[in-house]
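Everything below concerns the one structure shown next.
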Amino acid sequence: MSPDAPILEVGNLEKSFGGLKALNGVSFDLHPGEILGLAGPNGSGKTTCINAITGVFRIDGGSIRFAGEDIHHRATYRRVRKGINRTFQVPRPFPGLTVHENVLVAAHYGSGEHADAMTLLEDTGLAEFADKPARTLNSSQQKMLGLARALATKPRLLLVDEIGAGLNPEELSAMAQRLRGYANQGMALLVVEHLMDFLDQVTDRLVVMDAGNTLFTGKLAQATEDPRVIEAFLGG
Amino acid sequence: MLKGWRSTAIVTAITLVTFIVVPKLYDNQFLLFNMMMYMALAQGLNIIYGYTGYLPFGYVGFFGAGAYAGALVIIFLHWMPLIAVLVGGLTAVLFGMVLIPLFRLSGAYFSIASLAASEALYYVVANPHLEKITQGPYGISMPQAYDANAAYWTMLGILALSLVTSGIIRRSRFGLALSAIRENPLSASMSGVNVVQMRSLSWLLSAFIAGLAGATFGWYISVFYPETVFSLTIGVFTIVFILFGGIGTLIGPIIGTLILYGLYNYIGISTPQYFQIAYGLLIVLLVLFLPNGLVSLLKRRGVDVP
Ligand SMILES: Nc1ncnc2c1ncn2[C@@H]1O[C@H](COP(=O)(O)OP(=O)(O)O)[C@@H](O)[C@H]1O
Ligand SMILES: [Mg+2]
């Protein structure tokens with residue numbers, strides 16, 4: 001694989017739930033060290049896209065290539081071990097396990113080279129809660145825990161689902177800086193968000209989805225002037 | 001969770017030594033045998049229910065499968081009882097493999113489906129048409145194999161195995177992965193855990209222990225009927241013992257069995273039917289009000305329960 005080859009290539013993803021086409025031909029790619037924003041109105045299929053890439057369910061059509069390999073039939077845990085991880089829009093911790101154990105599972109099973117769970121907790125500001133059950137964390141701490149758990153598997157591709165929701169402006173810019181830091185170390189990130197200000201701090205490359213389709217791909221500055229994008233957001 | 005090896009070893013040792021010493025002081029060997037058997041079964045059920053959260057109402061099916069498989073190789077192949085016990089364990093594992101697809105069901109559906117599977121096996125075994133093989137409803141009789149002392153020590157070995165297995169699981173990364181599966185299967189696979197493999201492994205371990213226990217029980221009594229070894233009472237007792245003591249711990253099932261089986265023998269042996277009802281009710285109350293059993297009272301005070 002050449003150094004500038006994309007790490008993730010998504011082509012014409014399709015997924016239906018009953019009669020509803022949640023994904024209807026989404027395509028984009030992502031290179032190492034790059035951040036791609038993914039925006040779109042509620043229900044446009046952003047989370048479904050992340051679920052498809054992480055293997056929460058099988059796609060009905062299209063292709064998902066990671067590091068040059070077709071992975072669409074792989075089980076989730078295998079994709080994780082290959083270097084894909086994500087955060088959840090609504091955090092899904094292991095509530096009865098301690099904060100430390102939450103990260104320890106991922107550090108142990110998520111990749112061959114075991115990450116140090118405690119270092120990750122320090123890095124995400126959770127070290128003081130290490131021995132507390134995860135259920136005792138508040139929702140923004142649970143988001144950080146979700147991030148720490150994903151990082152524990154040493155991902156080369158990180159899919160971030162609306163991590164900005166509920167954060168105040170200071171926390172938002174700290175988060176933006178954090179994500180840019182990961183990209184600078186060579187990680188590829190897909191950042192799903194509908195806070196345009198936040199996306200603006202993170203990246204200048206954007207995909208906009210609407211009703212399961214890619215509506216726009218390009219510079220963020222151009223997106224906000226594109227009539228179809230404006231209509232999708234206002235109409236949605 | 002990864003600490004506490006010492007307390008795990010101590011609990012295991014005390015339990016085993018007790019069953020070595022007490023027969024010298026107290027002569028109701030069958031009661032002690034049953035006590036060990038329930039402790040082993042409770043620990044076996046703990047491995048699947050306590051750590052992964054799947055509660056098989058039909059757990060006794062593995063016990064019955066083991067009892068019959070063991071008896072049949074003694075009767076027809078004249079194998080040594082010890083080997084027969086192993087065959088009993090492996091037969092239960094085989095039965096467990098057949099049932100792995102049940103994990104596609106969630107919660108109560110899984111529980112009930114496993115009960116149906118156990119009942120189905122019972123009807124097969126008790127079928128009069130299979131009289132030539134299983135003796136059907138007339139039951140098994142193998143006086144030639146009777147050796148209560150040998151069966152007693154074998155059960156002690158099975159209890160040791162179940163305690164060590166459960167103790168290791170509780171303190172290991174494997175146990176941590178199982179707990180993660182119990183807490184949130186999707187997050188577990190997103191942490192790189194092979195959920196299907198881990199869950200199946202704990203299921204088969206749990207089946208193995210019940211199969212060994214069943215075969216040893218059959219050997220001890222050497223005369224039994226299908227309803228003896230597929231008895232709902234055995235299933236209900238095992239569940240109530242681990243719920244009462246505390247699932248997901250090593251000591252909970254031991255304490256639960258000691259207290260409730262002790263109580264049953266002290267006042268209930270003449271009226272077993274009331275105990276089945278009383279313990280059935282107790283299950284409901286525990287699930288509602290004390291889902292993590294007696295030891296959770298200690299845990300709440302910050303004690304690291306083994
Ligand atoms: N598991 C599912 N079952 C049924 N419908 C779903 C499921 N997941 C998503 N959907 C539907 O697919 C559409 C896209 O949802 P989603 O990807 O969550 O949107 P977004 O993240 O962009 O807000 C919505 O209409 C949603 O209701
Ligand atoms: Mg979403």
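Ligands are numbered from 1 in the order shown, residues from 1 within each chain, and chains are lettered A, B, ... in the order they appear in the structure tokens.
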List as an MDAnalysis selection string the protein and nucleic acid residues lying within 10 Å of ligand 1, with only C-alpha atoms and all ligand atoms counted. chainID A and resid 15:23 38:52 56:57 89 161:162 192:194 209:212
Tell me, as a PDB file with N, CA and C atoms, in the first residue's frame, which residues lie within 10 Å of B:Leu94, counting only C-alpha atoms; anything in the same chain fewer than 2 positions away does not count.
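Below is the file part23.pdb, written as the result:
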```pdb
ATOM      1  N   PHE B  62     -28.347 -30.844  31.424  1.00  0.00           N
ATOM      2  CA  PHE B  62     -26.959 -31.307  31.334  1.00  0.00           C
ATOM      3  C   PHE B  62     -26.674 -32.371  32.392  1.00  0.00           C
ATOM      4  N   ALA B  65     -28.390 -35.514  31.236  1.00  0.00           N
ATOM      5  CA  ALA B  65     -27.645 -36.080  30.105  1.00  0.00           C
ATOM      6  C   ALA B  65     -26.407 -36.809  30.620  1.00  0.00           C
ATOM      7  N   GLY B  88     -19.974 -38.724  30.846  1.00  0.00           N
ATOM      8  CA  GLY B  88     -21.137 -37.911  31.230  1.00  0.00           C
ATOM      9  C   GLY B  88     -20.872 -36.435  30.982  1.00  0.00           C
ATOM     10  N   GLY B  89     -19.694 -35.965  31.404  1.00  0.00           N
ATOM     11  CA  GLY B  89     -19.334 -34.553  31.204  1.00  0.00           C
ATOM     12  C   GLY B  89     -19.283 -34.204  29.725  1.00  0.00           C
ATOM     13  N   LEU B  90     -18.657 -35.094  28.935  1.00  0.00           N
ATOM     14  CA  LEU B  90     -18.497 -34.799  27.507  1.00  0.00           C
ATOM     15  C   LEU B  90     -19.835 -34.848  26.772  1.00  0.00           C
ATOM     16  N   THR B  91     -20.715 -35.739  27.196  1.00  0.00           N
ATOM     17  CA  THR B  91     -22.044 -35.803  26.586  1.00  0.00           C
ATOM     18  C   THR B  91     -22.801 -34.496  26.821  1.00  0.00           C
ATOM     19  N   ALA B  92     -22.659 -33.977  28.037  1.00  0.00           N
ATOM     20  CA  ALA B  92     -23.312 -32.697  28.334  1.00  0.00           C
ATOM     21  C   ALA B  92     -22.727 -31.591  27.449  1.00  0.00           C
ATOM     22  N   GLY B  96     -24.651 -29.296  24.927  1.00  0.00           N
ATOM     23  CA  GLY B  96     -24.451 -27.845  24.976  1.00  0.00           C
ATOM     24  C   GLY B  96     -24.144 -27.268  23.603  1.00  0.00           C
ATOM     25  N   MET B  97     -23.339 -27.983  22.822  1.00  0.00           N
ATOM     26  CA  MET B  97     -22.992 -27.503  21.475  1.00  0.00           C
ATOM     27  C   MET B  97     -24.232 -27.400  20.600  1.00  0.00           C
ATOM     28  N   VAL B  98     -25.073 -28.445  20.720  1.00  0.00           N
ATOM     29  CA  VAL B  98     -26.303 -28.449  19.933  1.00  0.00           C
ATOM     30  C   VAL B  98     -27.159 -27.219  20.273  1.00  0.00           C
ATOM     31  N   LEU B  99     -27.067 -26.789  21.522  1.00  0.00           N
ATOM     32  CA  LEU B  99     -27.941 -25.699  21.982  1.00  0.00           C
ATOM     33  C   LEU B  99     -27.344 -24.309  21.781  1.00  0.00           C
ATOM     34  N   LEU B 204     -20.118 -24.157  27.524  1.00  0.00           N
ATOM     35  CA  LEU B 204     -19.686 -25.549  27.470  1.00  0.00           C
ATOM     36  C   LEU B 204     -18.989 -25.961  28.769  1.00  0.00           C
ATOM     37  N   ALA B 207     -21.760 -26.601  31.112  1.00  0.00           N
ATOM     38  CA  ALA B 207     -22.411 -27.876  30.787  1.00  0.00           C
ATOM     39  C   ALA B 207     -21.553 -29.051  31.262  1.00  0.00           C
ATOM     40  N   PHE B 208     -20.254 -28.947  31.062  1.00  0.00           N
ATOM     41  CA  PHE B 208     -19.322 -30.017  31.429  1.00  0.00           C
ATOM     42  C   PHE B 208     -19.441 -30.341  32.912  1.00  0.00           C
TER      43      PHE B 208
END
```
Interface, chain A side, toward chain B (6 Å; only C-alpha atoms) as a compact mmCIF listing (two decimals) with all heavy atoms, in the first residue's frame:
```
# COMPACT_ATOMS: atom_id res chain seq x y z
N TYR A 77 -15.59 -7.63 16.04
CA TYR A 77 -14.36 -7.71 16.84
C TYR A 77 -13.12 -7.81 15.95
O TYR A 77 -12.05 -7.35 16.31
CB TYR A 77 -14.45 -8.87 17.85
CG TYR A 77 -14.18 -10.23 17.27
CD1 TYR A 77 -12.91 -10.79 17.33
CD2 TYR A 77 -15.19 -10.97 16.64
CE1 TYR A 77 -12.66 -12.04 16.79
CE2 TYR A 77 -14.95 -12.20 16.10
CZ TYR A 77 -13.68 -12.74 16.18
OH TYR A 77 -13.43 -13.97 15.64
N VAL A 80 -12.30 -4.38 14.71
CA VAL A 80 -11.67 -3.65 15.82
C VAL A 80 -10.19 -4.01 15.90
O VAL A 80 -9.33 -3.15 15.99
CB VAL A 80 -12.39 -3.95 17.14
CG1 VAL A 80 -11.59 -3.44 18.33
CG2 VAL A 80 -13.78 -3.33 17.14
N ARG A 81 -9.91 -5.30 15.84
CA ARG A 81 -8.52 -5.73 15.96
C ARG A 81 -7.67 -5.29 14.78
O ARG A 81 -6.47 -5.16 14.88
CB ARG A 81 -8.44 -7.25 16.12
CG ARG A 81 -9.00 -7.70 17.48
CD ARG A 81 -8.92 -9.19 17.63
NE ARG A 81 -9.62 -9.64 18.84
CZ ARG A 81 -9.80 -10.92 19.15
NH1 ARG A 81 -9.32 -11.87 18.37
NH2 ARG A 81 -10.45 -11.25 20.24
N PHE A 94 -19.75 -0.28 30.12
CA PHE A 94 -20.12 -1.47 30.89
C PHE A 94 -20.46 -0.94 32.28
O PHE A 94 -19.57 -0.73 33.11
CB PHE A 94 -18.94 -2.44 30.97
CG PHE A 94 -18.39 -2.84 29.61
CD1 PHE A 94 -17.09 -2.54 29.26
CD2 PHE A 94 -19.19 -3.50 28.69
CE1 PHE A 94 -16.58 -2.90 28.03
CE2 PHE A 94 -18.69 -3.87 27.46
CZ PHE A 94 -17.38 -3.56 27.11
N ALA A 106 -10.86 -3.51 26.59
CA ALA A 106 -10.48 -3.09 25.23
C ALA A 106 -8.97 -3.15 25.05
O ALA A 106 -8.48 -3.56 24.00
CB ALA A 106 -11.01 -1.69 24.95
N TYR A 109 -8.16 -7.00 24.69
CA TYR A 109 -8.69 -7.77 23.56
C TYR A 109 -8.66 -7.02 22.23
O TYR A 109 -8.81 -7.63 21.18
CB TYR A 109 -10.13 -8.22 23.86
CG TYR A 109 -10.20 -9.33 24.86
CD1 TYR A 109 -10.41 -9.07 26.21
CD2 TYR A 109 -10.02 -10.65 24.46
CE1 TYR A 109 -10.45 -10.09 27.14
CE2 TYR A 109 -10.05 -11.67 25.38
CZ TYR A 109 -10.27 -11.40 26.72
OH TYR A 109 -10.31 -12.42 27.63
N GLY A 110 -8.48 -5.69 22.30
CA GLY A 110 -8.68 -4.89 21.09
C GLY A 110 -7.55 -4.88 20.08
O GLY A 110 -7.77 -4.56 18.92
```
Practice prompt. Run DSSP on the backbone and give me the residues of stretch 115-228 of chain B it puts in helix (DSSP H, G or I), as number ranges by chain.
Written response: B: 115-126, 128-134, 136-138, 143-145, 148-171, 173-183, 185-190, 195-221, 226-228
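All residues of protein, DNA or RNA that reach within 12 Å of B:Thr15, judged by only C-alpha atoms and not counting those fewer than 6 positions away in the chain, are Thr8, Ala9, Val21, Val22, Leu32, Met35, Met36, Met39, Ala40, Leu156, Gly157, Leu159, Ala160, Ser162, Leu163, Val164, Leu250, Ile251, Pro253, Ile254, Ile255, Thr257 and Leu258 of chain B.
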Would you write out those residues with C-alpha atoms, as a PDB file, in the first residue's frame?
```pdb
ATOM      1  CA  THR B   8     -10.070 -17.168  46.116  1.00  0.00           C
ATOM      2  CA  ALA B   9      -7.565 -19.857  47.045  1.00  0.00           C
ATOM      3  CA  VAL B  21     -13.082 -33.693  57.468  1.00  0.00           C
ATOM      4  CA  VAL B  22     -16.822 -33.633  58.145  1.00  0.00           C
ATOM      5  CA  LEU B  32     -22.826 -34.245  52.321  1.00  0.00           C
ATOM      6  CA  MET B  35     -24.335 -30.635  49.359  1.00  0.00           C
ATOM      7  CA  MET B  36     -21.132 -30.950  47.311  1.00  0.00           C
ATOM      8  CA  MET B  39     -22.235 -26.496  45.273  1.00  0.00           C
ATOM      9  CA  ALA B  40     -20.631 -27.802  42.082  1.00  0.00           C
ATOM     10  CA  LEU B 156     -15.231 -33.826  45.808  1.00  0.00           C
ATOM     11  CA  GLY B 157     -12.937 -33.719  42.772  1.00  0.00           C
ATOM     12  CA  LEU B 159     -16.435 -29.647  43.343  1.00  0.00           C
ATOM     13  CA  ALA B 160     -12.729 -28.761  43.347  1.00  0.00           C
ATOM     14  CA  SER B 162     -15.829 -26.245  39.604  1.00  0.00           C
ATOM     15  CA  LEU B 163     -14.410 -23.973  42.314  1.00  0.00           C
ATOM     16  CA  VAL B 164     -11.041 -23.640  40.630  1.00  0.00           C
ATOM     17  CA  LEU B 250     -17.061 -17.547  44.096  1.00  0.00           C
ATOM     18  CA  ILE B 251     -18.332 -17.486  47.649  1.00  0.00           C
ATOM     19  CA  PRO B 253     -23.001 -19.960  45.497  1.00  0.00           C
ATOM     20  CA  ILE B 254     -21.186 -21.712  48.352  1.00  0.00           C
ATOM     21  CA  ILE B 255     -22.970 -19.708  51.030  1.00  0.00           C
ATOM     22  CA  THR B 257     -26.109 -23.713  49.000  1.00  0.00           C
ATOM     23  CA  LEU B 258     -24.899 -24.114  52.556  1.00  0.00           C
TER      24      LEU B 258
END
```
**Message:** Please determine, counting only C-alpha atoms and all ligand atoms, which residue among A:Thr87, A:Asn24, A:Thr214, A:Gln201 has the shortest atom-to-atom distance to ligand 2.
**Reply:**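 Ranked by minimum distance to ligand 2, first place goes to A:Thr87.
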